[in-house]
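Asker: What follows is the file target30.txt, containing compact mmCIF, C-alpha atoms and all ligand atoms:
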# COMPACT_ATOMS: atom_id res chain seq x y z
CA MET R 1 0.00 0.00 0.00
CA LYS R 2 3.03 2.29 0.24
CA ASP R 3 2.36 3.88 -3.12
CA ARG R 4 -1.04 4.98 -1.85
CA PHE R 5 0.71 7.60 0.27
CA SER R 6 2.52 10.72 -0.78
CA LEU R 7 5.65 10.48 1.38
CA PRO R 8 8.69 12.70 0.85
CA GLU R 9 11.57 10.91 -0.87
CA GLY R 10 14.09 9.53 1.61
CA MET R 11 12.00 10.11 4.72
CA ILE R 12 11.32 7.30 7.19
CA TYR R 13 8.06 8.37 8.76
CA LEU R 14 7.49 6.83 12.19
CA ASP R 15 4.89 9.29 13.40
CA GLY R 16 1.70 8.12 11.72
CA ASN R 17 0.36 7.57 15.23
CA SER R 18 0.34 11.34 15.66
CA LEU R 19 -0.38 12.62 12.16
CA GLY R 20 -0.90 10.20 9.29
CA PRO R 21 0.66 11.10 5.90
CA LEU R 22 -1.19 12.47 2.90
CA PRO R 23 -2.93 9.70 0.96
CA VAL R 24 -2.65 9.88 -2.81
CA GLY R 25 -5.89 11.24 -4.23
CA VAL R 26 -6.70 13.66 -1.42
CA THR R 27 -5.06 16.66 -3.09
CA GLU R 28 -7.01 16.10 -6.28
CA ARG R 29 -10.25 15.42 -4.44
CA ILE R 30 -9.96 18.59 -2.38
CA GLY R 31 -9.10 20.60 -5.48
CA SER R 32 -12.13 19.20 -7.21
CA MET R 33 -14.33 19.74 -4.17
CA LEU R 34 -13.30 23.39 -3.94
CA GLN R 35 -13.83 24.03 -7.61
CA ASN R 36 -16.76 21.83 -8.55
CA GLU R 37 -18.67 21.81 -5.29
CA TRP R 38 -18.05 24.96 -3.26
CA GLY R 39 -17.01 27.05 -6.27
CA ALA R 40 -19.70 25.93 -8.69
CA HIS R 41 -22.57 24.94 -6.43
CA LEU R 42 -22.13 27.29 -3.50
CA ILE R 43 -24.90 26.74 -0.98
CA LYS R 44 -26.55 24.10 -3.18
CA GLY R 45 -23.64 21.84 -2.18
CA TRP R 46 -25.33 20.99 1.11
CA ASN R 47 -27.88 18.94 -0.84
CA LEU R 48 -26.28 18.43 -4.22
CA ASP R 49 -22.93 17.21 -2.93
CA ASN R 50 -24.27 15.58 0.22
CA TRP R 51 -22.27 17.81 2.58
CA MET R 52 -25.04 17.49 5.15
CA GLY R 53 -25.09 13.70 4.92
CA GLN R 54 -21.32 13.28 5.14
CA PRO R 55 -21.05 12.99 8.94
CA ALA R 56 -23.33 9.93 8.71
CA SER R 57 -21.76 8.34 5.63
CA VAL R 58 -18.18 8.88 6.81
CA GLY R 59 -19.31 7.65 10.22
CA ASN R 60 -20.45 4.42 8.59
CA THR R 61 -17.02 3.92 7.05
CA ILE R 62 -15.38 4.43 10.45
CA ALA R 63 -17.93 2.07 12.02
CA ARG R 64 -16.68 -0.78 9.85
CA LEU R 65 -13.11 -0.17 11.04
CA ILE R 66 -14.01 -0.24 14.72
CA GLY R 67 -16.46 -3.12 14.66
CA ALA R 68 -19.57 -1.02 15.10
CA GLY R 69 -22.90 -1.24 13.29
CA GLN R 70 -24.10 1.07 10.55
CA GLY R 71 -25.80 4.21 11.81
CA THR R 72 -24.02 4.17 15.18
CA VAL R 73 -21.20 6.65 14.50
CA THR R 74 -21.22 10.33 13.61
CA MET R 75 -18.44 12.80 12.87
CA GLY R 76 -17.51 16.32 13.81
CA ASP R 77 -15.62 18.69 16.11
CA THR R 78 -12.42 17.45 17.72
CA LEU R 79 -11.83 14.49 19.97
CA SER R 80 -11.70 16.65 23.11
CA VAL R 81 -15.21 17.91 22.35
CA LYS R 82 -16.46 14.38 21.70
CA VAL R 83 -14.97 13.25 25.03
CA TYR R 84 -16.93 16.02 26.75
CA GLN R 85 -20.16 15.05 25.04
CA ALA R 86 -19.84 11.34 25.78
CA LEU R 87 -18.73 11.93 29.35
CA SER R 88 -21.57 14.30 30.19
CA ALA R 89 -24.09 11.92 28.60
CA ALA R 90 -22.63 9.02 30.58
CA LEU R 91 -22.89 10.91 33.89
CA LYS R 92 -26.56 11.64 33.16
CA MET R 93 -27.13 7.90 32.87
CA ARG R 94 -25.98 7.30 36.48
CA PRO R 95 -27.44 10.25 38.40
CA ASP R 96 -26.76 8.82 41.86
CA ARG R 97 -23.07 8.12 41.28
CA ARG R 98 -20.33 10.72 41.45
CA VAL R 99 -17.07 9.19 40.20
CA ILE R 100 -15.38 9.35 36.80
CA LEU R 101 -12.74 6.63 36.78
CA SER R 102 -9.68 7.02 34.54
CA ASP R 103 -6.03 6.06 34.59
CA SER R 104 -2.73 7.88 34.77
CA GLY R 105 -1.85 6.74 31.25
CA ASN R 106 -4.73 8.68 29.76
CA PHE R 107 -4.03 11.60 27.48
CA PRO R 108 -4.15 14.91 29.39
CA SER R 109 -6.89 16.45 27.25
CA ASP R 110 -9.34 13.70 28.26
CA LEU R 111 -8.54 14.31 31.92
CA TYR R 112 -8.73 18.08 31.50
CA MET R 113 -12.15 17.80 29.83
CA ALA R 114 -13.34 15.71 32.77
CA GLU R 115 -12.01 18.30 35.23
CA GLY R 116 -13.73 21.09 33.33
CA LEU R 117 -17.02 19.22 33.21
CA ILE R 118 -16.82 18.48 36.94
CA ARG R 119 -16.23 22.16 37.73
CA GLN R 120 -19.14 23.11 35.49
CA LEU R 121 -21.53 20.63 37.10
CA ASP R 122 -20.44 21.73 40.58
CA ARG R 123 -22.14 18.75 42.24
CA ASP R 124 -19.30 16.96 44.03
CA TYR R 125 -18.18 14.83 41.13
CA GLU R 126 -14.75 13.31 41.47
CA LEU R 127 -12.16 12.36 38.85
CA ARG R 128 -10.48 9.26 40.26
CA ILE R 129 -7.21 8.44 38.50
CA VAL R 130 -5.69 5.02 39.14
CA ALA R 131 -2.68 3.19 37.71
CA PRO R 132 -3.38 1.56 34.33
CA GLU R 133 -2.94 -1.92 35.83
CA GLU R 134 -5.61 -1.18 38.44
CA VAL R 135 -8.46 -0.04 36.21
CA ALA R 136 -10.38 -3.32 36.14
CA THR R 137 -10.10 -3.82 39.90
CA SER R 138 -11.06 -0.22 40.75
CA MET R 139 -14.69 -0.43 39.65
CA GLU R 140 -16.28 0.47 42.97
CA ASP R 141 -20.02 0.95 43.22
CA ASP R 142 -19.66 4.75 43.19
CA VAL R 143 -18.18 4.79 39.69
CA ALA R 144 -20.61 6.39 37.24
CA VAL R 145 -18.39 6.08 34.19
CA ALA R 146 -15.05 4.52 33.33
CA MET R 147 -13.33 6.77 30.80
CA ILE R 148 -10.38 4.86 29.43
CA THR R 149 -8.09 5.36 26.46
CA GLN R 150 -7.26 1.95 25.07
CA VAL R 151 -3.70 2.66 23.95
CA ASP R 152 -1.43 4.70 26.21
CA TYR R 153 -0.05 7.59 24.13
CA ARG R 154 3.31 7.43 25.90
CA THR R 155 4.03 3.73 26.28
CA GLY R 156 1.71 2.12 23.76
CA ARG R 157 0.28 -0.18 26.46
CA LEU R 158 -2.98 -1.72 25.21
CA HIS R 159 -5.93 -2.14 27.56
CA ASP R 160 -8.10 -5.25 27.42
CA MET R 161 -11.27 -3.73 26.01
CA GLU R 162 -13.56 -6.66 26.72
CA GLY R 163 -12.29 -7.34 30.23
CA ILE R 164 -12.47 -3.71 31.37
CA THR R 165 -15.88 -3.17 29.79
CA LYS R 166 -17.18 -6.25 31.60
CA ALA R 167 -15.70 -5.08 34.90
CA ALA R 168 -17.36 -1.67 34.44
CA HIS R 169 -20.71 -3.22 33.64
CA ASP R 170 -20.49 -5.70 36.52
CA ALA R 171 -20.07 -2.68 38.80
CA GLY R 172 -23.00 -0.88 37.19
CA ALA R 173 -20.81 1.77 35.53
CA VAL R 174 -21.05 3.19 32.02
CA MET R 175 -18.06 2.45 29.74
CA LEU R 176 -16.49 5.14 27.56
CA TRP R 177 -13.56 4.16 25.35
CA ASP R 178 -11.20 6.61 23.71
CA LEU R 179 -9.91 4.91 20.57
CA ALA R 180 -7.52 7.69 19.48
CA HIS R 181 -4.56 5.34 19.11
CA THR R 182 -6.61 2.23 18.33
CA ALA R 183 -8.71 3.11 15.30
CA GLY R 184 -6.80 2.10 12.18
CA ALA R 185 -4.15 0.27 14.21
CA VAL R 186 -5.79 -2.52 16.19
CA PRO R 187 -8.81 -4.58 15.11
CA MET R 188 -11.72 -4.42 17.51
CA ASP R 189 -15.28 -5.50 18.04
CA LEU R 190 -16.98 -2.50 19.57
CA THR R 191 -20.47 -3.98 19.29
CA GLY R 192 -19.30 -7.22 20.86
CA CYS R 193 -17.64 -5.55 23.83
CA GLY R 194 -20.89 -3.76 24.64
CA ALA R 195 -19.44 -0.39 25.69
CA GLU R 196 -21.94 2.46 25.76
CA PHE R 197 -19.67 5.10 24.20
CA ALA R 198 -16.54 5.34 22.09
CA VAL R 199 -14.76 8.34 20.66
CA GLY R 200 -11.65 8.85 18.58
CA CYS R 201 -9.80 11.09 16.19
CA THR R 202 -9.09 10.55 12.52
CA TYR R 203 -5.81 12.38 11.88
CA LYS R 204 -3.66 9.67 13.48
CA TYR R 205 -3.81 6.17 11.97
CA LEU R 206 -6.76 7.08 9.76
CA ASN R 207 -4.76 9.73 7.87
CA GLY R 208 -7.53 12.34 7.68
CA GLY R 209 -5.11 15.29 7.90
CA PRO R 210 -4.39 17.90 10.57
CA GLY R 211 -7.63 18.95 12.23
CA ALA R 212 -9.69 16.14 10.69
CA PRO R 213 -13.07 15.67 12.42
CA ALA R 214 -13.45 13.27 15.33
CA PHE R 215 -15.92 10.40 15.66
CA ILE R 216 -18.37 9.40 18.36
CA TYR R 217 -20.21 6.12 18.82
CA ALA R 218 -23.12 5.38 21.13
CA ARG R 219 -24.61 1.93 21.63
CA PRO R 220 -27.88 1.91 19.67
CA ASP R 221 -30.10 0.89 22.61
CA ILE R 222 -29.08 3.91 24.73
CA VAL R 223 -29.10 6.61 22.07
CA GLU R 224 -32.67 7.71 22.65
CA GLY R 225 -31.96 8.34 26.32
CA ILE R 226 -28.93 10.56 25.74
CA GLU R 227 -29.34 14.17 26.81
CA PRO R 228 -26.80 16.11 24.71
CA ALA R 229 -24.82 18.66 26.71
CA LEU R 230 -23.95 20.49 23.50
CA ALA R 231 -27.43 20.85 22.08
CA GLY R 232 -26.54 22.33 18.72
CA TRP R 233 -28.99 22.75 15.89
CA LEU R 234 -27.56 19.95 13.75
CA GLY R 235 -28.24 17.47 16.52
CA HIS R 236 -31.88 18.56 16.50
CA ASP R 237 -34.47 16.16 15.14
CA ALA R 238 -35.50 18.70 12.51
CA PRO R 239 -32.85 21.42 12.16
CA PHE R 240 -34.63 23.11 9.31
CA ALA R 241 -37.92 23.33 11.15
CA PHE R 242 -36.15 26.02 13.23
CA GLU R 243 -38.23 25.22 16.28
CA GLN R 244 -37.81 27.38 19.33
CA ASN R 245 -36.85 24.47 21.58
CA TYR R 246 -34.30 21.74 21.29
CA ARG R 247 -35.55 18.27 20.46
CA PRO R 248 -32.73 15.75 19.88
CA ALA R 249 -32.57 13.56 16.78
CA GLY R 250 -33.75 10.00 17.34
CA ASP R 251 -30.39 8.45 16.41
CA ILE R 252 -26.65 9.12 16.75
CA GLU R 253 -27.15 12.38 14.84
CA ARG R 254 -28.04 13.92 18.21
CA MET R 255 -24.33 13.94 18.95
CA ARG R 256 -23.74 16.35 16.10
CA VAL R 257 -23.37 19.97 17.16
CA GLY R 258 -22.97 22.55 14.39
CA THR R 259 -21.86 22.95 10.80
CA PRO R 260 -19.47 20.16 9.80
CA PRO R 261 -15.98 21.02 8.48
CA VAL R 262 -16.79 20.01 4.91
CA ILE R 263 -13.33 20.44 3.41
CA GLN R 264 -11.72 18.35 6.16
CA MET R 265 -14.54 15.85 6.01
CA THR R 266 -13.99 15.45 2.28
CA ALA R 267 -10.25 14.91 2.82
CA LEU R 268 -11.07 12.26 5.39
CA GLU R 269 -13.65 10.59 3.17
CA GLU R 270 -11.06 10.28 0.41
CA ALA R 271 -8.33 9.14 2.83
CA LEU R 272 -10.55 6.35 4.14
CA LYS R 273 -10.73 4.72 0.70
CA VAL R 274 -7.36 3.10 1.43
CA TRP R 275 -9.05 0.95 4.07
CA GLU R 276 -11.34 -0.77 1.58
CA GLU R 277 -8.39 -3.00 0.73
CA VAL R 278 -7.04 -3.55 4.23
CA ASP R 279 -7.65 -6.63 6.33
CA MET R 280 -7.35 -5.43 9.95
CA ALA R 281 -6.05 -8.79 11.18
CA ASP R 282 -3.26 -8.76 8.57
CA LEU R 283 -2.46 -5.18 9.49
CA ARG R 284 -2.18 -6.09 13.15
CA THR R 285 0.13 -9.03 12.42
CA ALA R 286 2.40 -6.83 10.33
CA SER R 287 2.38 -4.09 12.96
CA ILE R 288 3.47 -6.46 15.72
CA ARG R 289 6.21 -7.86 13.50
CA LEU R 290 7.58 -4.39 12.72
CA CYS R 291 7.46 -3.31 16.38
CA ASP R 292 9.16 -6.54 17.52
CA LEU R 293 11.90 -6.04 14.94
CA PHE R 294 12.43 -2.43 16.02
CA ILE R 295 12.72 -3.44 19.69
CA ALA R 296 15.22 -6.22 18.88
CA GLU R 297 17.36 -3.94 16.70
CA VAL R 298 17.38 -1.02 19.15
CA GLU R 299 18.17 -3.23 22.13
CA ALA R 300 21.02 -4.85 20.22
CA ARG R 301 22.54 -1.61 18.97
CA CYS R 302 21.50 1.23 21.28
CA PRO R 303 22.20 0.16 24.88
CA ALA R 304 21.58 3.66 26.27
CA LEU R 305 17.87 3.36 25.48
CA THR R 306 15.42 1.57 27.76
CA LEU R 307 12.24 0.00 26.43
CA ALA R 308 9.22 1.88 27.80
CA SER R 309 6.57 -0.19 25.97
CA PRO R 310 5.24 -3.65 26.77
CA ARG R 311 7.55 -6.28 25.32
CA ASN R 312 4.68 -8.57 24.44
CA GLY R 313 3.14 -7.47 21.14
CA ALA R 314 -0.34 -8.51 22.24
CA GLU R 315 -0.18 -5.91 25.03
CA ARG R 316 0.94 -3.06 22.76
CA GLY R 317 -0.74 -0.76 20.28
CA SER R 318 1.14 0.10 17.08
CA GLN R 319 3.92 2.18 18.62
CA VAL R 320 7.14 1.58 20.50
CA SER R 321 8.66 3.96 23.03
CA PHE R 322 12.12 4.11 24.51
CA ALA R 323 13.19 6.14 27.49
CA PHE R 324 16.42 8.11 27.15
CA GLU R 325 17.70 10.93 29.32
CA HIS R 326 18.53 13.04 26.26
CA GLY R 327 15.48 11.85 24.36
CA TYR R 328 14.40 15.27 23.15
CA ALA R 329 17.78 16.12 21.63
CA ALA R 330 18.20 12.63 20.19
CA MET R 331 14.80 12.89 18.52
CA GLN R 332 15.71 16.27 17.02
CA ALA R 333 18.92 14.75 15.66
CA LEU R 334 16.91 11.88 14.16
CA ILE R 335 14.43 14.25 12.57
CA ALA R 336 17.34 16.21 11.07
CA ARG R 337 18.33 12.95 9.37
CA ASP R 338 14.78 12.44 8.05
CA VAL R 339 13.74 9.75 10.52
CA ILE R 340 10.57 11.17 12.01
CA GLY R 341 9.33 10.15 15.43
CA ASP R 342 8.36 12.37 18.33
CA PHE R 343 9.11 13.11 21.95
CA ARG R 344 6.80 12.96 24.92
CA ALA R 345 7.89 14.53 28.19
CA PRO R 346 9.72 13.75 30.34
CA ASN R 347 12.03 11.37 28.46
CA ILE R 348 10.11 9.27 25.94
CA MET R 349 11.21 8.80 22.32
CA ARG R 350 8.14 7.57 20.52
CA PHE R 351 7.98 5.68 17.22
CA GLY R 352 4.79 4.70 15.42
CA PHE R 353 4.69 1.72 13.06
CA THR R 354 2.10 1.79 10.36
CA PRO R 355 2.40 -1.23 8.06
CA LEU R 356 0.51 0.49 5.25
CA TYR R 357 3.65 2.44 4.39
CA ILE R 358 6.43 1.23 6.72
CA ASP R 359 8.37 -1.96 6.02
CA GLU R 360 11.29 -3.86 7.53
CA ASP R 361 13.87 -1.91 5.50
CA ASP R 362 12.51 1.29 7.01
CA VAL R 363 12.85 -0.18 10.50
CA ARG R 364 16.46 -1.22 9.91
CA GLY R 365 17.27 2.08 8.20
CA ALA R 366 15.88 4.03 11.14
CA VAL R 367 17.92 2.03 13.66
CA ASP R 368 21.11 2.51 11.58
CA ILE R 369 20.71 6.25 11.93
CA LEU R 370 19.65 6.09 15.58
CA ALA R 371 22.71 3.97 16.45
CA ASP R 372 24.98 6.43 14.62
CA ILE R 373 23.48 9.37 16.52
CA LEU R 374 23.96 7.64 19.88
CA ASP R 375 27.38 6.13 19.23
CA ASN R 376 28.79 9.47 18.14
CA ARG R 377 26.80 11.69 20.53
CA LEU R 378 25.48 13.58 17.50
CA TRP R 379 22.47 14.66 19.55
CA ASP R 380 24.67 16.86 21.72
CA ARG R 381 24.55 19.94 19.55
CA PRO R 382 23.00 23.19 20.80
CA GLU R 383 20.39 23.29 18.02
CA TYR R 384 19.00 19.89 19.07
CA HIS R 385 18.39 21.09 22.61
CA GLN R 386 16.22 23.99 21.49
CA LYS R 387 12.60 23.21 22.43
CA SER R 388 9.97 23.90 19.77
CA ARG R 389 6.36 24.72 20.50
CA VAL R 390 5.24 21.28 19.31
CA THR R 391 7.40 18.32 20.32
C1 LIG Y 1 -4.67 12.64 20.16
C2 LIG Y 1 -5.55 12.55 21.35
C3 LIG Y 1 -6.41 13.61 21.71
C4 LIG Y 1 -6.42 14.91 20.95
O1 LIG Y 1 -7.64 15.57 21.04
P1 LIG Y 1 -8.03 16.68 19.96
O2 LIG Y 1 -9.24 17.32 20.53
O3 LIG Y 1 -8.27 15.98 18.67
O4 LIG Y 1 -6.88 17.62 19.84
C5 LIG Y 1 -7.27 13.44 22.78
N1 LIG Y 1 -7.26 12.29 23.49
C6 LIG Y 1 -6.43 11.26 23.20
C7 LIG Y 1 -6.47 10.01 24.01
C8 LIG Y 1 -5.54 11.37 22.13
O5 LIG Y 1 -4.70 10.38 21.85
Just give me the structure of the file as structure tokens.
Ligand SMILES: *Cc1c(COP(=O)(O)O)cnc(C)c1O
Answerer:
Amino acid sequence: MKDRFSLPEGMIYLDGNSLGPLPVGVTERIGSMLQNEWGAHLIKGWNLDNWMGQPASVGNTIARLIGAGQGTVTMGDTLSVKVYQALSAALKMRPDRRVILSDSGNFPSDLYMAEGLIRQLDRDYELRIVAPEEVATSMEDDVAVAMITQVDYRTGRLHDMEGITKAAHDAGAVMLWDLAHTAGAVPMDLTGCGAEFAVGCTYKYLNGGPGAPAFIYARPDIVEGIEPALAGWLGHDAPFAFEQNYRPAGDIERMRVGTPPVIQMTALEEALKVWEEVDMADLRTASIRLCDLFIAEVEARCPALTLASPRNGAERGSQVSFAFEHGYAAMQALIARDVIGDFRAPNIMRFGFTPLYIDEDDVRGAVDILADILDNRLWDRPEYHQKSRVT
């Protein structure tokens, strides 16, 4: 599938877990959309070019990739907003409980959104953060919702979706999964696991481009009971009736808020075509093989680095992290040599492996350069210690 992506010549791109590369076809599609849809049709595009229906149709494509049914996923906003919506809806489902359970491996934005929501509600809610290993055993009977990100952004540790969902349900809690680093990387059966909510972004493994819209899933049997916190007009049952009062749509559309980002949505729609030819089980096998090879090569040739990811492929997402005291500078030195990973404070060098466009030669090539940088202390130059705004 490598030729389906427009990657710069000579670059080894190990950051598709943070921002996927540009799929071939997106540039042309966006050009055509601008000219033939927006340019030629103007406001008629909402009907003529199905702009209004896109959140549902793109949602259906995502649904297939995450093991959800048709009509259960909608698109829009960013992941942080979708976390807020799902979390507030989940709390409403358990009015006599006061705890949001999460773990210390969760991405800060999810935790911040929970904090903000708690302050807003001002009704003694508590965000209880436990160690990742303790999530399943921390489902006390005061937990309203377990808000868990399946793959740890720092270490790549993969949570057992079925086991944790079952533990949450046994304790009477609502389950909310964040699939940011799972969708497009790890096969899953969302319907089968029975979680009430799932959210995720589409600019990571799904290659939708910077700022691509997020997705939200709600289990079909609970949708009609959801009280949307962000009661925007496009989540209304009849937006163009312009009624005075809010009346939510009967299906997942009630989790829409306002006008969808049509240009980004179109880029995502085009980017998702790649997945029509991908078998998720094959992808997962290839991902584990690439990650295992990277770990073996780095451990053999770069003794200063310490593995910060689970060694067992079954317990990992599609990324490998190594701890290194001078990780930031070493990553800058790597990037200067066109091997792109990223750095996560305080000392994590993070590498994403995306089998659609990364192969074993890339893995070996990246470790050749990494070993050279470490052996010769090439990272220890002033320019590599300069912190940028985005790391
Ligand atoms: C990437 C990521 C985000 C980012 O949220 P945005 O609103 O899209 O910026 C949030 N949560 C998790 C778990 C992530 O991995």
Asker: Name all residues at most 12 Å from Ala238 (chain R) (count all atoms listed in the file; drop same-chain ones fewer than 3 positions away) and give them as a PyMOL selection string.
Answerer: chain R and resi 232-235+241-250+253-254
Asker: Got time to write the residues from that selection, C-alpha atoms, as an mmCIF file, in the frame of the given file?
Answerer:
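Once everything was written out, this is again-v2.cif:
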data_model
loop_
_atom_site.group_PDB
_atom_site.id
_atom_site.type_symbol
_atom_site.label_atom_id
_atom_site.label_comp_id
_atom_site.auth_asym_id
_atom_site.auth_seq_id
_atom_site.Cartn_x
_atom_site.Cartn_y
_atom_site.Cartn_z
ATOM 1 C CA GLY R 232 -26.540 22.330 18.720
ATOM 2 C CA TRP R 233 -28.990 22.750 15.890
ATOM 3 C CA LEU R 234 -27.560 19.950 13.750
ATOM 4 C CA GLY R 235 -28.240 17.470 16.520
ATOM 5 C CA ALA R 241 -37.920 23.330 11.150
ATOM 6 C CA PHE R 242 -36.150 26.020 13.230
ATOM 7 C CA GLU R 243 -38.230 25.220 16.280
ATOM 8 C CA GLN R 244 -37.810 27.380 19.330
ATOM 9 C CA ASN R 245 -36.850 24.470 21.580
ATOM 10 C CA TYR R 246 -34.300 21.740 21.290
ATOM 11 C CA ARG R 247 -35.550 18.270 20.460
ATOM 12 C CA PRO R 248 -32.730 15.750 19.880
ATOM 13 C CA ALA R 249 -32.570 13.560 16.780
ATOM 14 C CA GLY R 250 -33.750 10.000 17.340
ATOM 15 C CA GLU R 253 -27.150 12.380 14.840
ATOM 16 C CA ARG R 254 -28.040 13.920 18.210
#
Asker: Using all atoms listed in the file, pick whichever of R:Val24, R:Leu378, R:Ile12, R:Val99 has the shortest atom-to-atom distance to Phe353 (chain R).
Answerer: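 Looking only at the distances to Phe353 (chain R), the closest residue turns out to be R:Ile12.
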Asker: Near Gly208 (chain R), counting all atoms listed in the file, which residues have an atom at most 9 Å away, once you skip same-chain residues fewer than 5 positions from it, shown as a list in words?
Answerer: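 With the cut-off at 9 Å, the set is Leu19, Gly20, Pro21, Leu22, Pro23, Cys201, Thr202, Tyr203, Pro213, Gln264, Met265, Thr266, Ala267, Leu268, Glu269, Glu270, Ala271 and Leu272 of chain R.
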Asker: For chain R versus ligand LIG 1 (chain Y), which residues have an atom no more than 9 Å away, and what is each residue's nearest atom pair and distance in Å rounded to one decimal, using only C-alpha atoms and all ligand atoms, chain-then-number order, as JSON lines?
Answerer:
{"residue": "R:Asn17", "atom": "CA", "partner": "Y:LIG1", "partner_atom": "C1", "distance": 8.7}
{"residue": "R:Ser18", "atom": "CA", "partner": "Y:LIG1", "partner_atom": "C1", "distance": 6.9}
{"residue": "R:Asp77", "atom": "CA", "partner": "Y:LIG1", "partner_atom": "O2", "distance": 7.9}
{"residue": "R:Thr78", "atom": "CA", "partner": "Y:LIG1", "partner_atom": "O2", "distance": 4.2}
{"residue": "R:Leu79", "atom": "CA", "partner": "Y:LIG1", "partner_atom": "O2", "distance": 3.9}
{"residue": "R:Ser80", "atom": "CA", "partner": "Y:LIG1", "partner_atom": "O2", "distance": 3.6}
{"residue": "R:Val81", "atom": "CA", "partner": "Y:LIG1", "partner_atom": "O2", "distance": 6.3}
{"residue": "R:Lys82", "atom": "CA", "partner": "Y:LIG1", "partner_atom": "O2", "distance": 7.9}
{"residue": "R:Val83", "atom": "CA", "partner": "Y:LIG1", "partner_atom": "N1", "distance": 7.9}
{"residue": "R:Asn106", "atom": "CA", "partner": "Y:LIG1", "partner_atom": "C7", "distance": 6.2}
{"residue": "R:Phe107", "atom": "CA", "partner": "Y:LIG1", "partner_atom": "C7", "distance": 4.5}
{"residue": "R:Pro108", "atom": "CA", "partner": "Y:LIG1", "partner_atom": "N1", "distance": 7.2}
{"residue": "R:Ser109", "atom": "CA", "partner": "Y:LIG1", "partner_atom": "C5", "distance": 5.4}
{"residue": "R:Asp110", "atom": "CA", "partner": "Y:LIG1", "partner_atom": "N1", "distance": 5.4}
{"residue": "R:Leu111", "atom": "CA", "partner": "Y:LIG1", "partner_atom": "N1", "distance": 8.8}
{"residue": "R:Ile148", "atom": "CA", "partner": "Y:LIG1", "partner_atom": "C7", "distance": 8.4}
{"residue": "R:Thr149", "atom": "CA", "partner": "Y:LIG1", "partner_atom": "C7", "distance": 5.5}
{"residue": "R:Gln150", "atom": "CA", "partner": "Y:LIG1", "partner_atom": "C7", "distance": 8.2}
{"residue": "R:Val151", "atom": "CA", "partner": "Y:LIG1", "partner_atom": "C7", "distance": 7.9}
{"residue": "R:Asp152", "atom": "CA", "partner": "Y:LIG1", "partner_atom": "C7", "distance": 7.6}
{"residue": "R:Tyr153", "atom": "CA", "partner": "Y:LIG1", "partner_atom": "O5", "distance": 5.9}
{"residue": "R:Asp178", "atom": "CA", "partner": "Y:LIG1", "partner_atom": "C7", "distance": 5.8}
{"residue": "R:Leu179", "atom": "CA", "partner": "Y:LIG1", "partner_atom": "C7", "distance": 7.0}
{"residue": "R:Ala180", "atom": "CA", "partner": "Y:LIG1", "partner_atom": "O5", "distance": 4.6}
{"residue": "R:His181", "atom": "CA", "partner": "Y:LIG1", "partner_atom": "O5", "distance": 5.7}
{"residue": "R:Val199", "atom": "CA", "partner": "Y:LIG1", "partner_atom": "N1", "distance": 8.9}
{"residue": "R:Gly200", "atom": "CA", "partner": "Y:LIG1", "partner_atom": "C6", "distance": 7.4}
{"residue": "R:Cys201", "atom": "CA", "partner": "Y:LIG1", "partner_atom": "O3", "distance": 5.7}
{"residue": "R:Thr202", "atom": "CA", "partner": "Y:LIG1", "partner_atom": "O3", "distance": 8.2}
{"residue": "R:Tyr203", "atom": "CA", "partner": "Y:LIG1", "partner_atom": "O3", "distance": 8.1}
{"residue": "R:Lys204", "atom": "CA", "partner": "Y:LIG1", "partner_atom": "C1", "distance": 7.4}
{"residue": "R:Gly211", "atom": "CA", "partner": "Y:LIG1", "partner_atom": "O3", "distance": 7.1}
{"residue": "R:Ala212", "atom": "CA", "partner": "Y:LIG1", "partner_atom": "O3", "distance": 8.1}
{"residue": "R:Pro213", "atom": "CA", "partner": "Y:LIG1", "partner_atom": "O3", "distance": 7.9}
{"residue": "R:Ala214", "atom": "CA", "partner": "Y:LIG1", "partner_atom": "O3", "distance": 6.7}
Asker: Quick one: 5 Å padding each side, axis-aligned, all listed atoms of region 118-133 of chain R - centre and edge lengths in Å to one decimal, as lines of an AutoDock Vina configuration file?
Answerer:
center_x = -12.4
center_y = 10.6
center_z = 39.2
size_x = 29.5
size_y = 35.0
size_z = 19.7
Asker: Select, counting only C-alpha atoms, all protein, DNA and RNA residues no farther than 9 Å from (18.7, 13.7, 26.1) in file coordinates, and express the selection as a VMD selection string.
Answerer: chain R and resid 324 to 331 347 379 to 380 385
Asker: Given only C-alpha atoms as the basis, pick out the residue of R:Met75, R:Ala173, R:Ala345, R:Val339 nearest to Lys387 (chain R).
Answerer: R:Ala345
Asker: Work out how far apart CA of Ile369 (chain R) and CA of Ile295 (chain R) are and give it in Å to one decimal.
Answerer: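 A separation of 14.8 Å between them.
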Asker: Return the single residue from R:Met113, R:Glu299, R:Gly67, R:Gly258 that is closest to Arg219 (chain R), with distances computed using all atoms listed in the file.
Answerer: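 Of the candidates, the smallest distance to Arg219 (chain R) is held by R:Gly67.
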Asker: Can you measure CA of Gly341 (chain R) to CA of Ile373 (chain R) for me? One decimal in Å is fine.
Answerer: 14.2 Å
Asker: What is the distance, in Å and to one decimal place, between CA of Thr259 (chain R) and CA of Gly76 (chain R)?
Answerer: 8.5 Å
Asker: For Asn207 (chain R), which residue among R:Met161, R:Leu356, R:Leu117, R:Ile348 is the nearest when counting all atoms listed in the file?
Answerer: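 Among R:Met161, R:Leu356, R:Leu117, R:Ile348, it is R:Leu356 that comes nearest to Asn207 (chain R).
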Asker: With only C-alpha atoms as the atoms that count, which of R:Thr165, R:Gln35, R:Ser102, R:Thr182 lies nearest to Ala195 (chain R)?
Answerer: R:Thr165
Asker: Here is a test: counting only C-alpha atoms, which residue of R:Pro210, R:Gly116, R:Gly194, R:Pro261 is nearest to Gly69 (chain R)?
Answerer: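 Ranking R:Pro210, R:Gly116, R:Gly194, R:Pro261 by distance to Gly69 (chain R), first place goes to R:Gly194.
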